[in-house]
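Worksheet: one structure, shown below.
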Amino acid sequence: MTDHKDFIKNLILKAKKAGATDADAIYLESTSVGVQVRNGQVEELERSESKTVGLRVLVNKRVSTVSTTDLQQQNMEKLVEHAISMAKILPEDPYAELPAPSEKNYIEPQKLDLYDPTEQSTKQMIEQAKAVETAAITIKGITNSMGGSCSYGKTAMTLANSKGFLGSYQRTSHSLAVCVLAGTGTEMQRDYDFHSSVHFQDLQSPKIIGENAARKTLAKLNPSKPKTGILSVVFHPRVANSIVSHLASALNGHAIAKGTSFLKEKMGQFVFPENITIIDNPYKIRGLASRPFDAEGLFPEELKLVDSGKIANWLLDNRTAKQLGLQSNGHATRGPSSPPTPTTTNLYIQPGEQTPEELMKDIAEGIYITELLGSSVNIVTGDYSRGASGFMIRNGKIAEPIMEFTLAGNLMDMFSKLHVANDLDFRYTTNSPTLRIDEISIAGQ
């Protein structure tokens with residue numbers, strides 16, 4: 001990536017000569033390939049490649065961000081001129097400032113193992129997509145397919161700023177997915193399964209993914225509608241992570257600084273039971289969201305957002321940290337045409353000691369959620385309302401399928417009643433084991 005580094009270093013020098021007080025630039029080069037098959041026939045085959053440069057300039061306290069995909073040298077002069085002109089007419093931002101260079105040592109990108117040189121041919125990807133679909137539709141009871149897919153992505157990122165930072169890394173992604181149908185007419189049900197990994201060798205087999213999708217779909221046949229009431233609710237890991245995502249939104253420094261989070265006054269206070277710890281780890285080896293530095297060139301800290309039940313950290317970039325009188329913890333993200341904003345990396349709840357079966361064994365009547373639909377979650381108040389489907393729990397066991405009902409509550413109350421199982425599996429960028437929350441309102445029949 002030497003050429004990329006020289007390219008954006010020169011771009012920053014041009015911006016400084018043109019009148020920028022400070023500047024940073026990001027260079028993104030990406031390749032993505034996707035294959036979609038349905039009933040054994042290729043329906044979609046796409047390949048895209050892009051190179052984009054984003055430039056952010058500061059003219060004293062005025063900031064502008066511009067980007068281009070035209071990387072010819074003569075166009076860089078125009079890009080700089082445009083950025084400086086925009087900055088001069090924008091209002092001042094009292095918190096506009098590039099961060100000082102990190103005092104910590106950066107981890108070598110190679111140590112995170114984020115790049116896999118394996119790249120399947122188009123023919124191999126089509127075979128993978130067909131295999132995952134075949135594994136699902138050959139299961140007795142599956143009546144149709146909505147398609148199997150295989151995708152691959154590769155991204156190279158280089159970041160530099162006028163404070164002296166210069167860094168780069170590459171990452172790859174591989175994924176397989178399938179969605180199938182069971183039943184007929186108005187009784188038809190559908191479900192899916194997928195898996196993503198940084199390295200191809202870590203990807204689950206088409207057979208496992210396809211069979212999981214079929215099993216989930218068949219289990220949903222002949223659903224009923226639960227009765228309205230207040231029940232204990234158990235969340236399958238694939239939807240339990242949404243609870244963690246809502247927490248992250250409420251702990252985002254942007255919301256805290258604006259005063260638009262229901263947790264804005266809760267730093268250092270118990271919000272969860274004492275056995276709950278929630279961690280954001282940017283350095284997970286082969287992690288789907290791992291990175292050696294953030295979008296402002298800072299060393300990202302491993303954060304305990306919740307430490308033994310207490311709120312322990314906000315997610316901060318440099319600007320929100322300045323607003324709050326704090327230091328950035330290296331959690332900025334940005335696209336080429338957008339300013340930095342705080343985000344998570346590999347976020348997860350530490351698992352408990354009980355199995356999912358033990359977690360629900362004392363529930364005489366409850367609900368097991370496998371899918372959430374729509375979203376009405378107010379981060380200002382914590383009010384929570386979502387459509388859902390899943391299964392009844394009867395005498396501690398998963399029973400008949402149910403659908404067309406709504407969960408309602410308040411996240412503050414839900415957090416305080418959280419119980420966690422021991423089945424944590426890192427399948428997403430935000431991960432959770434099975435969760436149990438008692439006394440949630442169910443609007444059914």
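Residue numbers start at 1 in each chain; chains themselves are named A, B, ... in the order of the structure tokens; ligands are numbered from 1 in the order shown.
The environment of Ser432 of chain A within 6 Å, counting only C-alpha atoms and disregarding residues fewer than 4 places along the same chain, consists of Pro237, Ala240, Asn241, Tyr348, Ile349 and Leu424 of chain A.
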I need the chosen residues saved as an mmCIF file, in the first residue's frame, with C-alpha atoms.
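Saved as part-v4.cif:
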```cif
data_model
loop_
_atom_site.group_PDB
_atom_site.id
_atom_site.type_symbol
_atom_site.label_atom_id
_atom_site.label_comp_id
_atom_site.auth_asym_id
_atom_site.auth_seq_id
_atom_site.Cartn_x
_atom_site.Cartn_y
_atom_site.Cartn_z
ATOM 1 C CA PRO A 237 -28.803 -15.307 20.279
ATOM 2 C CA ALA A 240 -30.603 -11.196 21.661
ATOM 3 C CA ASN A 241 -27.795 -9.152 20.113
ATOM 4 C CA TYR A 348 -20.556 -8.811 23.267
ATOM 5 C CA ILE A 349 -22.068 -9.799 26.601
ATOM 6 C CA LEU A 424 -21.986 -17.092 23.391
#
```
Problem set entry | Who sits within 7 Å of segment 326-339 of chain A, only C-alpha atoms, same chain under 5 positions skipped, as JSON, numbers by chain | {"A": [26, 52, 53, 54, 65, 66, 67, 294, 295, 296, 298, 299, 300, 301, 315, 316, 317, 318, 321, 344]}
Atoms to include: N, CA and C atoms. Write the selected residues as a JSON list (two decimals), in the first residue's frame.
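The resulting selection08.json:
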```json
[["chain", "number", "residue", "atom", "x", "y", "z"],
["A", 26, "ILE", "N", -8.61, 9.66, 3.86],
["A", 26, "ILE", "CA", -8.81, 8.20, 3.90],
["A", 26, "ILE", "C", -8.87, 7.69, 2.47],
["A", 52, "THR", "N", -11.80, 5.02, -3.63],
["A", 52, "THR", "CA", -12.37, 6.29, -3.18],
["A", 52, "THR", "C", -11.42, 6.98, -2.23],
["A", 53, "VAL", "N", -11.32, 8.28, -2.37],
["A", 53, "VAL", "CA", -10.55, 9.09, -1.43],
["A", 53, "VAL", "C", -11.48, 10.09, -0.77],
["A", 54, "GLY", "N", -11.38, 10.19, 0.56],
["A", 54, "GLY", "CA", -12.12, 11.18, 1.31],
["A", 54, "GLY", "C", -11.16, 12.14, 1.97],
["A", 65, "THR", "N", -15.96, 18.02, 4.55],
["A", 65, "THR", "CA", -15.53, 16.69, 4.13],
["A", 65, "THR", "C", -15.99, 16.46, 2.70],
["A", 66, "VAL", "N", -15.07, 16.06, 1.84],
["A", 66, "VAL", "CA", -15.40, 15.81, 0.43],
["A", 66, "VAL", "C", -14.77, 14.48, 0.03],
["A", 67, "SER", "N", -15.26, 13.91, -1.07],
["A", 67, "SER", "CA", -14.71, 12.64, -1.55],
["A", 67, "SER", "C", -14.80, 12.58, -3.06],
["A", 294, "ASP", "N", -8.53, 3.51, 14.80],
["A", 294, "ASP", "CA", -9.86, 3.97, 14.44],
["A", 294, "ASP", "C", -9.79, 4.97, 13.29],
["A", 295, "ALA", "N", -10.93, 5.57, 12.93],
["A", 295, "ALA", "CA", -11.00, 6.42, 11.74],
["A", 295, "ALA", "C", -10.39, 7.80, 11.96],
["A", 296, "GLU", "N", -9.83, 8.05, 13.15],
["A", 296, "GLU", "CA", -9.10, 9.29, 13.39],
["A", 296, "GLU", "C", -7.63, 9.01, 13.71],
["A", 298, "LEU", "N", -6.45, 6.85, 16.00],
["A", 298, "LEU", "CA", -6.18, 6.61, 17.41],
["A", 298, "LEU", "C", -6.18, 5.13, 17.72],
["A", 299, "PHE", "N", -5.47, 4.76, 18.75],
["A", 299, "PHE", "CA", -5.40, 3.40, 19.26],
["A", 299, "PHE", "C", -6.74, 3.08, 19.92],
["A", 300, "PRO", "N", -7.55, 2.17, 19.39],
["A", 300, "PRO", "CA", -8.86, 1.90, 19.98],
["A", 300, "PRO", "C", -8.74, 1.11, 21.28],
["A", 301, "GLU", "N", -9.40, 1.57, 22.30],
["A", 301, "GLU", "CA", -9.33, 0.91, 23.60],
["A", 301, "GLU", "C", -10.35, -0.22, 23.69],
["A", 315, "LEU", "N", -19.05, 5.44, 24.26],
["A", 315, "LEU", "CA", -18.33, 5.25, 23.00],
["A", 315, "LEU", "C", -18.00, 6.63, 22.44],
["A", 316, "LEU", "N", -16.70, 6.93, 22.30],
["A", 316, "LEU", "CA", -16.29, 8.30, 21.99],
["A", 316, "LEU", "C", -15.40, 8.39, 20.76],
["A", 317, "ASP", "N", -15.65, 9.39, 19.94],
["A", 317, "ASP", "CA", -14.68, 9.87, 18.98],
["A", 317, "ASP", "C", -14.11, 11.17, 19.54],
["A", 318, "ASN", "N", -13.26, 11.83, 18.77],
["A", 318, "ASN", "CA", -12.59, 13.02, 19.33],
["A", 318, "ASN", "C", -13.57, 14.16, 19.60],
["A", 321, "ALA", "N", -15.90, 13.45, 22.56],
["A", 321, "ALA", "CA", -15.09, 13.50, 23.78],
["A", 321, "ALA", "C", -14.85, 14.95, 24.21],
["A", 344, "THR", "N", -19.20, 0.91, 17.66],
["A", 344, "THR", "CA", -18.64, -0.26, 18.33],
["A", 344, "THR", "C", -17.78, -1.05, 17.35]]
```
Exercise. So which residues of segment 263-297 of chain A fall under strand (DSSP E) by DSSP, listed as an NGL selection string?
Worked result: :A and (278-281)
Resulting file, chosen residues, N, CA and C atoms, as a short mmCIF file (atom, residue, chain, number, x, y, z; two decimals), in the first residue's frame:
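Output saved as part00.cif:
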```
data_model
loop_
_atom_site.label_atom_id
_atom_site.label_comp_id
_atom_site.auth_asym_id
_atom_site.auth_seq_id
_atom_site.Cartn_x
_atom_site.Cartn_y
_atom_site.Cartn_z
N ILE A 278 -20.43 -6.16 29.73
CA ILE A 278 -20.56 -6.02 28.28
C ILE A 278 -19.30 -5.32 27.76
N ILE A 279 -18.64 -5.96 26.79
CA ILE A 279 -17.31 -5.53 26.35
C ILE A 279 -17.30 -5.24 24.86
N ASP A 280 -16.55 -4.20 24.50
CA ASP A 280 -16.26 -3.94 23.09
C ASP A 280 -14.77 -4.17 22.88
N ASN A 281 -14.45 -5.14 22.02
CA ASN A 281 -13.07 -5.58 21.83
C ASN A 281 -12.61 -5.36 20.39
#
```
At a cut-off of 9 Å, using only C-alpha atoms, what residues contact Met86 of chain A? Leave out same-chain residues fewer than 4 positions from it and give the result as a JSON list (two decimals) with N, CA and C atoms, in the first residue's frame.
```json
[["chain", "number", "residue", "atom", "x", "y", "z"],
["A", 62, "ARG", "N", -13.68, 25.64, 11.28],
["A", 62, "ARG", "CA", -14.65, 25.31, 10.24],
["A", 62, "ARG", "C", -14.19, 24.03, 9.53],
["A", 63, "VAL", "N", -15.14, 23.11, 9.30],
["A", 63, "VAL", "CA", -14.77, 21.78, 8.81],
["A", 63, "VAL", "C", -15.62, 21.41, 7.59],
["A", 64, "SER", "N", -14.98, 20.79, 6.62],
["A", 64, "SER", "CA", -15.73, 20.22, 5.49],
["A", 64, "SER", "C", -15.12, 18.87, 5.13],
["A", 65, "THR", "N", -15.96, 18.02, 4.55],
["A", 65, "THR", "CA", -15.53, 16.69, 4.13],
["A", 65, "THR", "C", -15.99, 16.46, 2.70],
["A", 81, "GLU", "N", -9.35, 22.32, -3.44],
["A", 81, "GLU", "CA", -9.96, 23.65, -3.60],
["A", 81, "GLU", "C", -11.42, 23.63, -3.15],
["A", 82, "HIS", "N", -12.13, 22.58, -3.56],
["A", 82, "HIS", "CA", -13.54, 22.46, -3.17],
["A", 82, "HIS", "C", -13.69, 22.34, -1.66],
["A", 90, "LEU", "N", -18.84, 27.46, 5.92],
["A", 90, "LEU", "CA", -19.61, 26.73, 6.93],
["A", 90, "LEU", "C", -19.47, 27.40, 8.29]]
```
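Atom pair atom CA of Pro282 of chain A / atom CA of Ile107 of chain A has a distance of 10.6 Å (rounded to one decimal).
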Go through segment 108-232 of chain A and collect every residue that DSSP, computed from the backbone, puts in helix (DSSP H, G or I); the answer should be as a PDB file with C-alpha atoms, in the first residue's frame.
```pdb
ATOM      1  CA  PRO A 109      -2.439  -5.254  11.591  1.00  0.00           C
ATOM      2  CA  GLN A 110      -0.959  -8.675  10.773  1.00  0.00           C
ATOM      3  CA  LYS A 111      -1.433  -9.741  14.402  1.00  0.00           C
ATOM      4  CA  LEU A 112      -5.196  -9.354  14.051  1.00  0.00           C
ATOM      5  CA  THR A 122     -16.833 -17.405  -9.691  1.00  0.00           C
ATOM      6  CA  LYS A 123     -17.428 -21.065 -10.535  1.00  0.00           C
ATOM      7  CA  GLN A 124     -16.518 -22.125  -6.981  1.00  0.00           C
ATOM      8  CA  MET A 125     -18.801 -19.468  -5.492  1.00  0.00           C
ATOM      9  CA  ILE A 126     -21.705 -20.661  -7.648  1.00  0.00           C
ATOM     10  CA  GLU A 127     -21.040 -24.217  -6.454  1.00  0.00           C
ATOM     11  CA  GLN A 128     -21.056 -23.038  -2.837  1.00  0.00           C
ATOM     12  CA  ALA A 129     -24.360 -21.165  -3.326  1.00  0.00           C
ATOM     13  CA  LYS A 130     -25.928 -24.201  -4.995  1.00  0.00           C
ATOM     14  CA  ALA A 131     -24.626 -26.479  -2.246  1.00  0.00           C
ATOM     15  CA  VAL A 132     -26.111 -24.434   0.577  1.00  0.00           C
ATOM     16  CA  GLU A 133     -29.475 -24.282  -1.215  1.00  0.00           C
ATOM     17  CA  THR A 134     -29.439 -28.017  -1.987  1.00  0.00           C
ATOM     18  CA  ALA A 135     -28.668 -28.858   1.623  1.00  0.00           C
ATOM     19  CA  ALA A 136     -31.797 -26.976   2.662  1.00  0.00           C
ATOM     20  CA  ILE A 137     -34.351 -27.931  -0.015  1.00  0.00           C
ATOM     21  CA  GLY A 185     -50.647 -20.875   0.610  1.00  0.00           C
ATOM     22  CA  THR A 186     -51.441 -18.776   3.652  1.00  0.00           C
ATOM     23  CA  GLU A 187     -49.808 -21.388   5.891  1.00  0.00           C
ATOM     24  CA  PHE A 200     -12.682 -18.849   4.243  1.00  0.00           C
ATOM     25  CA  GLN A 201     -11.511 -21.817   6.314  1.00  0.00           C
ATOM     26  CA  ASP A 202     -13.590 -20.556   9.262  1.00  0.00           C
ATOM     27  CA  PRO A 206     -22.994 -25.374   3.168  1.00  0.00           C
ATOM     28  CA  LYS A 207     -24.491 -28.556   4.649  1.00  0.00           C
ATOM     29  CA  ILE A 208     -24.662 -27.158   8.178  1.00  0.00           C
ATOM     30  CA  ILE A 209     -26.041 -23.782   7.072  1.00  0.00           C
ATOM     31  CA  GLY A 210     -28.634 -25.333   4.744  1.00  0.00           C
ATOM     32  CA  GLU A 211     -29.842 -27.893   7.282  1.00  0.00           C
ATOM     33  CA  ASN A 212     -30.109 -25.211   9.970  1.00  0.00           C
ATOM     34  CA  ALA A 213     -32.247 -23.053   7.676  1.00  0.00           C
ATOM     35  CA  ALA A 214     -34.546 -25.990   6.881  1.00  0.00           C
ATOM     36  CA  ARG A 215     -34.898 -26.998  10.524  1.00  0.00           C
ATOM     37  CA  LYS A 216     -35.785 -23.442  11.582  1.00  0.00           C
ATOM     38  CA  THR A 217     -38.340 -23.135   8.780  1.00  0.00           C
ATOM     39  CA  LEU A 218     -40.098 -26.427   9.506  1.00  0.00           C
ATOM     40  CA  ALA A 219     -40.315 -25.607  13.202  1.00  0.00           C
TER      41      ALA A 219
END
```
Problem set entry | Near-segment 417-420 of chain A list (7 Å; only C-alpha atoms; drop same-chain fewer than 6 positions) as a list of chain:residue names | A:Phe272, A:Pro273, A:Pro351, A:Gly352, A:Pro433, A:Thr434, A:Leu435, A:Arg436, A:Ile437, A:Asp438
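Considering only C-alpha atoms, the residue among A:Arg238, A:Arg190, A:Lys322, A:Lys266 positioned nearest to Leu305 of chain A is A:Lys266.
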